[in-house]
file data_0.cif (mmCIF, C-alpha atoms)
data_run
loop_
_atom_site.label_atom_id
_atom_site.label_comp_id
_atom_site.auth_asym_id
_atom_site.auth_seq_id
_atom_site.Cartn_x
_atom_site.Cartn_y
_atom_site.Cartn_z
CA MET A 1 0.00 0.00 0.00
CA ASP A 2 1.48 3.34 -1.06
CA ARG A 3 1.48 5.94 1.68
CA VAL A 4 1.56 9.71 1.64
CA LYS A 5 3.29 11.66 4.40
CA LEU A 6 1.18 14.54 5.72
CA ASN A 7 1.92 17.76 7.59
CA VAL A 8 -0.47 19.85 9.65
CA LEU A 9 -1.09 22.97 7.59
CA GLY A 10 -3.55 24.62 9.97
CA LEU A 11 -7.06 24.93 11.29
CA SER A 12 -10.02 26.97 10.17
CA TYR A 13 -13.57 27.37 11.37
CA SER A 14 -15.89 24.94 9.58
CA GLN A 15 -18.41 26.66 7.33
CA SER A 16 -20.47 23.47 7.01
CA GLN A 17 -20.85 22.40 10.67
CA ALA A 18 -21.43 24.92 13.46
CA GLY A 19 -19.02 24.61 16.37
CA SER A 20 -16.62 22.48 14.35
CA TYR A 21 -13.26 23.14 12.75
CA ALA A 22 -11.50 21.94 9.64
CA LEU A 23 -8.10 20.43 10.29
CA ILE A 24 -6.08 20.89 7.11
CA LEU A 25 -3.38 18.34 6.39
CA SER A 26 -1.16 18.67 3.33
CA ASN A 27 1.12 16.31 1.50
CA GLU A 28 4.83 17.04 1.33
CA GLU A 29 4.51 18.92 -1.96
CA ARG A 30 1.55 20.91 -0.52
CA SER A 31 -0.46 20.62 -3.73
CA LEU A 32 -3.09 18.33 -2.19
CA ARG A 33 -4.87 19.10 1.05
CA LEU A 34 -6.89 16.80 3.22
CA PRO A 35 -9.60 18.64 5.20
CA ILE A 36 -10.95 16.78 8.25
CA ILE A 37 -13.84 18.13 10.33
CA ILE A 38 -13.03 17.98 14.05
CA GLY A 39 -14.54 19.18 17.32
CA GLY A 40 -13.69 22.36 19.18
CA PHE A 41 -11.77 20.73 22.04
CA GLU A 42 -9.53 18.78 19.68
CA ALA A 43 -8.99 21.89 17.54
CA GLN A 44 -7.97 23.79 20.65
CA SER A 45 -5.50 21.08 21.65
CA ILE A 46 -3.98 21.05 18.16
CA ALA A 47 -3.82 24.87 18.02
CA ILE A 48 -2.05 25.03 21.38
CA GLU A 49 0.65 22.68 20.15
CA ILE A 50 0.99 24.39 16.75
CA GLU A 51 1.37 27.78 18.43
CA ASN A 52 3.76 26.34 21.04
CA LEU A 53 1.65 27.62 23.95
CA LYS A 54 1.71 26.14 27.42
CA PRO A 55 -1.67 26.03 29.17
CA PRO A 56 -1.67 26.53 32.95
CA ARG A 57 -2.76 22.91 33.45
CA PRO A 58 -2.05 19.96 31.12
CA LEU A 59 -4.74 19.10 28.60
CA THR A 60 -5.72 15.47 28.08
CA HIS A 61 -3.31 15.05 25.15
CA ASP A 62 -0.49 16.55 27.24
CA LEU A 63 -1.29 14.14 30.07
CA PHE A 64 -1.19 11.20 27.68
CA PHE A 65 2.14 12.38 26.25
CA ASN A 66 3.64 12.82 29.75
CA PHE A 67 2.45 9.38 30.84
CA ALA A 68 3.86 7.65 27.75
CA SER A 69 7.15 9.52 28.04
CA ILE A 70 7.63 8.48 31.68
CA TYR A 71 7.29 4.82 30.65
CA ASN A 72 9.50 5.23 27.54
CA ILE A 73 6.68 4.61 25.09
CA ALA A 74 7.13 6.42 21.79
CA LEU A 75 4.50 7.21 19.21
CA LYS A 76 6.24 6.14 16.00
CA GLU A 77 3.55 7.30 13.58
CA VAL A 78 -0.11 7.93 12.92
CA GLU A 79 -1.86 6.21 10.04
CA ILE A 80 -5.10 7.55 8.60
CA TYR A 81 -6.01 4.26 6.97
CA LYS A 82 -9.69 4.39 6.04
CA LEU A 83 -12.40 6.80 4.94
CA GLU A 84 -15.93 5.51 5.23
CA GLU A 85 -19.11 7.59 4.94
CA GLY A 86 -17.14 10.78 5.59
CA VAL A 87 -15.42 9.44 8.70
CA PHE A 88 -11.63 9.07 8.80
CA TYR A 89 -10.20 6.11 10.72
CA SER A 90 -6.75 6.26 12.28
CA VAL A 91 -4.35 4.17 14.33
CA LEU A 92 -1.54 5.18 16.64
CA VAL A 93 1.59 3.07 16.22
CA PHE A 94 3.50 2.88 19.52
CA TYR A 95 6.88 1.33 20.31
CA ASP A 96 8.21 0.64 23.82
CA GLY A 97 11.66 -0.65 22.84
CA LYS A 98 10.45 -4.25 22.60
CA SER A 99 7.21 -4.38 20.70
CA THR A 100 5.01 -2.36 18.39
CA VAL A 101 1.38 -1.82 19.30
CA ARG A 102 -1.38 -0.35 17.13
CA ILE A 103 -4.25 1.45 18.88
CA ASP A 104 -7.42 2.72 17.23
CA ALA A 105 -8.00 6.47 17.65
CA ARG A 106 -10.10 9.32 16.37
CA THR A 107 -8.11 11.18 13.74
CA SER A 108 -8.29 14.47 15.65
CA ASP A 109 -6.82 12.85 18.78
CA ALA A 110 -4.21 11.03 16.71
CA VAL A 111 -3.03 14.30 15.12
CA ALA A 112 -2.97 16.10 18.50
CA LEU A 113 -0.75 13.33 19.85
CA ALA A 114 1.43 13.17 16.72
CA LEU A 115 2.24 16.86 17.18
CA ARG A 116 3.27 16.32 20.79
CA PHE A 117 5.37 13.24 20.04
CA LYS A 118 6.80 14.79 16.84
CA ALA A 119 5.57 11.66 15.02
CA ASN A 120 4.91 11.38 11.30
CA ILE A 121 1.37 11.29 9.95
CA TYR A 122 0.55 9.10 6.95
CA THR A 123 -2.46 8.28 4.82
CA THR A 124 -3.04 6.28 1.66
CA ILE A 125 -2.98 7.54 -1.90
CA ASP A 126 -6.55 6.25 -2.21
CA ILE A 127 -7.77 8.49 0.65
CA MET A 128 -5.96 11.50 -0.82
CA GLN A 129 -7.62 10.85 -4.19
CA LYS A 130 -11.06 10.47 -2.61
CA ALA A 131 -11.01 13.31 -0.07
CA GLY A 132 -8.05 15.51 -1.00
CA ILE A 133 -8.55 18.90 -2.55
CA THR A 134 -6.13 20.57 -4.91
CA MET A 135 -5.12 24.15 -4.27
CA ASN A 136 -2.45 25.89 -6.25
CA ASP A 137 0.17 27.91 -4.38
CA ASP A 138 -1.27 31.29 -5.47
CA GLU A 139 -4.67 30.45 -3.94
CA ALA A 140 -3.05 29.19 -0.75
CA ASP A 141 -0.87 32.29 -0.34
CA THR A 142 -3.81 34.65 -0.97
CA GLU A 143 -6.02 32.77 1.49
CA LYS A 144 -3.35 32.84 4.20
CA LYS A 145 -2.57 36.55 3.69
CA GLN A 146 -6.26 37.50 3.93
CA LYS A 147 -6.71 35.70 7.26
CA VAL A 148 -3.52 37.08 8.78
CA THR A 149 -4.15 40.64 7.57
CA LYS A 150 -7.68 40.75 9.05
CA LYS A 151 -6.60 39.58 12.50
CA THR A 152 -3.37 41.58 12.50
CA LYS A 153 -5.12 44.87 11.70
CA THR A 154 -7.41 44.43 14.71
CA ILE A 155 -4.53 43.58 17.02
CA GLU A 156 -2.16 46.24 15.64
CA SER A 157 -4.67 49.01 16.36
CA LYS A 158 -4.69 48.26 20.11
CA SER A 159 -2.49 49.79 22.78
CA ILE A 160 -0.15 47.65 24.89
CA GLY A 161 -2.55 47.90 27.84
CA GLU A 162 -5.47 46.78 25.67
CA LEU A 163 -3.40 43.93 24.25
CA GLU A 164 -2.46 42.75 27.75
CA GLU A 165 -6.15 42.75 28.73
CA MET A 166 -7.07 40.92 25.53
CA LEU A 167 -4.33 38.35 26.19
CA ALA A 168 -5.59 37.71 29.73
CA LYS A 169 -9.17 37.26 28.43
CA ALA A 170 -8.05 34.97 25.60
CA ILE A 171 -6.16 32.75 28.04
CA GLU A 172 -9.06 32.79 30.49
CA ASN A 173 -11.40 31.74 27.66
CA GLU A 174 -8.83 29.15 26.54
CA ASP A 175 -8.64 30.79 23.10
CA TYR A 176 -4.98 29.96 22.68
CA GLU A 177 -4.84 30.70 18.96
CA THR A 178 -5.81 34.33 19.56
CA ALA A 179 -3.57 34.46 22.63
CA SER A 180 -0.55 33.48 20.54
CA LYS A 181 -1.24 36.24 18.00
CA ILE A 182 -1.56 38.82 20.79
CA ARG A 183 1.59 37.52 22.48
CA ASP A 184 3.49 37.86 19.19
CA GLU A 185 2.31 41.46 18.79
CA LEU A 186 3.33 42.30 22.37
CA ASN A 187 6.77 40.74 21.83
CA LYS A 188 7.19 42.70 18.61
CA ARG A 189 6.51 45.97 20.42
CA LYS A 190 8.81 45.29 23.38
#

call {"tool": "encode", "arguments": {"input": "data_0.cif", "output": "structure tokens"}}
result
Amino acid sequence: MDRVKLNVLGLSYSQSQAGSYALILSNEERSLRLPIIIGGFEAQSIAIEIENLKPPRPLTHDLFFNFASIYNIALKEVEIYKLEEGVFYSVLVFYDGKSTVRIDARTSDAVALALRFKANIYTTIDIMQKAGITMNDDEADTEKKQKVTKKTKTIESKSIGELEEMLAKAIENEDYETASKIRDELNKRK
């Protein structure tokens, strides 16, 4: 079975399902993207790791990572192996130094853990052909610039005091994606 290595490209709010997010995975060449609809909690956990934020208390995925690390269990890779009726199926492939174990997992949880363990994420060519979307680089760059510009303009217009208040509220509300943007703006000004 031919496999495709994937990278986490980002998250966006799902237009099709209220309260959900689209996790965007891309192949190495970035020409094909695999959008996967995930829940808010999983999106938050993934965003925290992407943005390299440290929540005041460990999230469930952090707890799992810490537990596995203490017992020298490594997540070798994540395999998104099946797509059935719009649902992606994944397995976590663990290694403890002696044996390899495969554990079924929701794809959103598998990706959140893969980011923490710095493990590779794979899928099949068949899944990429069925569910992947093609986006040329010009479209991707334009889309990214539009999102960043909108958020940056709002943040850039605030004073340092306002930004510090916004940062405290974002952390309190566990909106870590916004918190990271505000933190970056504060660091840029200092």

call {"tool": "residues_around", "arguments": {"input": "data_0.cif", "residues": "A:Asn52", "least_positions_apart": "4", "cutoff": "9 Å", "atoms": "only C-alpha atoms", "output": "PyMOL selection string"}}
result
chain A and resi 47-48+180

call {"tool": "resolve_selection", "arguments": {"input": "data_0.cif", "expression": "the PyMOL selection byres ((chain A and resi 92) around 9)", "output": "PyMOL selection string"}}
result
chain A and resi 75-79+90-91+93-94+101-105+110+113-114

call {"tool": "write_last_selection", "arguments": {"input": "data_0.cif", "atoms": "C-alpha atoms", "output": "JSON list (two decimals), in the frame of the given file"}}
result
[["chain", "number", "residue", "atom", "x", "y", "z"],
["A", 75, "LEU", "CA", 4.50, 7.21, 19.21],
["A", 76, "LYS", "CA", 6.24, 6.14, 16.00],
["A", 77, "GLU", "CA", 3.55, 7.30, 13.58],
["A", 78, "VAL", "CA", -0.11, 7.93, 12.92],
["A", 79, "GLU", "CA", -1.86, 6.21, 10.04],
["A", 90, "SER", "CA", -6.75, 6.26, 12.28],
["A", 91, "VAL", "CA", -4.35, 4.17, 14.33],
["A", 93, "VAL", "CA", 1.59, 3.07, 16.22],
["A", 94, "PHE", "CA", 3.50, 2.88, 19.52],
["A", 101, "VAL", "CA", 1.38, -1.82, 19.30],
["A", 102, "ARG", "CA", -1.38, -0.35, 17.13],
["A", 103, "ILE", "CA", -4.25, 1.45, 18.88],
["A", 104, "ASP", "CA", -7.42, 2.72, 17.23],
["A", 105, "ALA", "CA", -8.00, 6.47, 17.65],
["A", 110, "ALA", "CA", -4.21, 11.03, 16.71],
["A", 113, "LEU", "CA", -0.75, 13.33, 19.85],
["A", 114, "ALA", "CA", 1.43, 13.17, 16.72]]

call {"tool": "atom_distance", "arguments": {"input": "data_0.cif", "atom1": "atom CA of A:Ala18", "atom2": "atom CA of A:Lys5"}}
result
29.5 Å

call {"tool": "closest_atom_pairs", "arguments": {"input": "data_0.cif", "of": "stretch 6-76 of chain A", "to": "stretch 156-175 of chain A", "cutoff": "12 Å", "atoms": "all atoms listed in the file", "output": "CSV"}}
result
residue,atom,partner,partner_atom,distance
A:Gly40,CA,A:Asp175,CA,10.6
A:Phe41,CA,A:Glu174,CA,10.0
A:Ala43,CA,A:Asp175,CA,10.5
A:Gln44,CA,A:Asp175,CA,7.4
A:Ser45,CA,A:Glu174,CA,10.0
A:Ile46,CA,A:Asp175,CA,11.9
A:Ala47,CA,A:Asp175,CA,9.2
A:Ile48,CA,A:Asp175,CA,8.9
A:Glu51,CA,A:Asp175,CA,11.4
A:Leu53,CA,A:Ile171,CA,10.2
A:Lys54,CA,A:Ile171,CA,10.3
A:Pro55,CA,A:Ile171,CA,8.2
A:Pro56,CA,A:Ile171,CA,9.1
A:Arg57,CA,A:Glu174,CA,11.1
A:Leu59,CA,A:Glu174,CA,11.0

call {"tool": "closest_residue", "arguments": {"input": "data_0.cif", "among": "A:Ile121, A:Ile70, A:Tyr89, A:Met135", "to": "A:Arg33", "atoms": "all atoms listed in the file"}}
result
A:Met135

call {"tool": "residues_around", "arguments": {"input": "data_0.cif", "residues": "stretch 125-130 of chain A", "least_positions_apart": "4", "cutoff": "10 Å", "atoms": "only C-alpha atoms", "output": "list of chain:residue names"}}
result
A:Met1, A:Asp2, A:Arg3, A:Val4, A:Lys5, A:Ser26, A:Asn27, A:Leu32, A:Arg33, A:Leu34, A:Ile80, A:Tyr81, A:Lys82, A:Leu83, A:Glu84, A:Phe88, A:Thr134

call {"tool": "atom_distance", "arguments": {"input": "data_0.cif", "atom1": "atom CA of A:Ser20", "atom2": "atom CA of A:Ile36"}}
result
10.1 Å

call {"tool": "residues_around", "arguments": {"input": "data_0.cif", "residues": "stretch 9-13 of chain A", "least_positions_apart": "2", "cutoff": "7 Å", "atoms": "only C-alpha atoms", "output": "ChimeraX atom specification"}}
result
/A:7,15,20-26

call {"tool": "resolve_selection", "arguments": {"input": "data_0.cif", "expression": "the PyMOL selection byres ((chain A and resi 116) around 9)", "output": "list of chain:residue names"}}
result
A:Glu49, A:His61, A:Asp62, A:Phe65, A:Val111, A:Ala112, A:Leu113, A:Ala114, A:Leu115, A:Phe117, A:Lys118, A:Ala119

call {"tool": "atom_distance", "arguments": {"input": "data_0.cif", "atom1": "atom CA of A:Gln17", "atom2": "atom CA of A:Val87"}}
result
14.2 Å

call {"tool": "closest_residue", "arguments": {"input": "data_0.cif", "among": "A:Asp184, A:Asp109, A:Glu42, A:Asp96", "to": "A:Ser69", "atoms": "all atoms listed in the file"}}
result
A:Asp96

call {"tool": "closest_residue", "arguments": {"input": "data_0.cif", "among": "A:Ile155, A:Phe67, A:Ile37, A:Thr60", "to": "A:Lys181", "atoms": "all atoms listed in the file"}}
result
A:Ile155
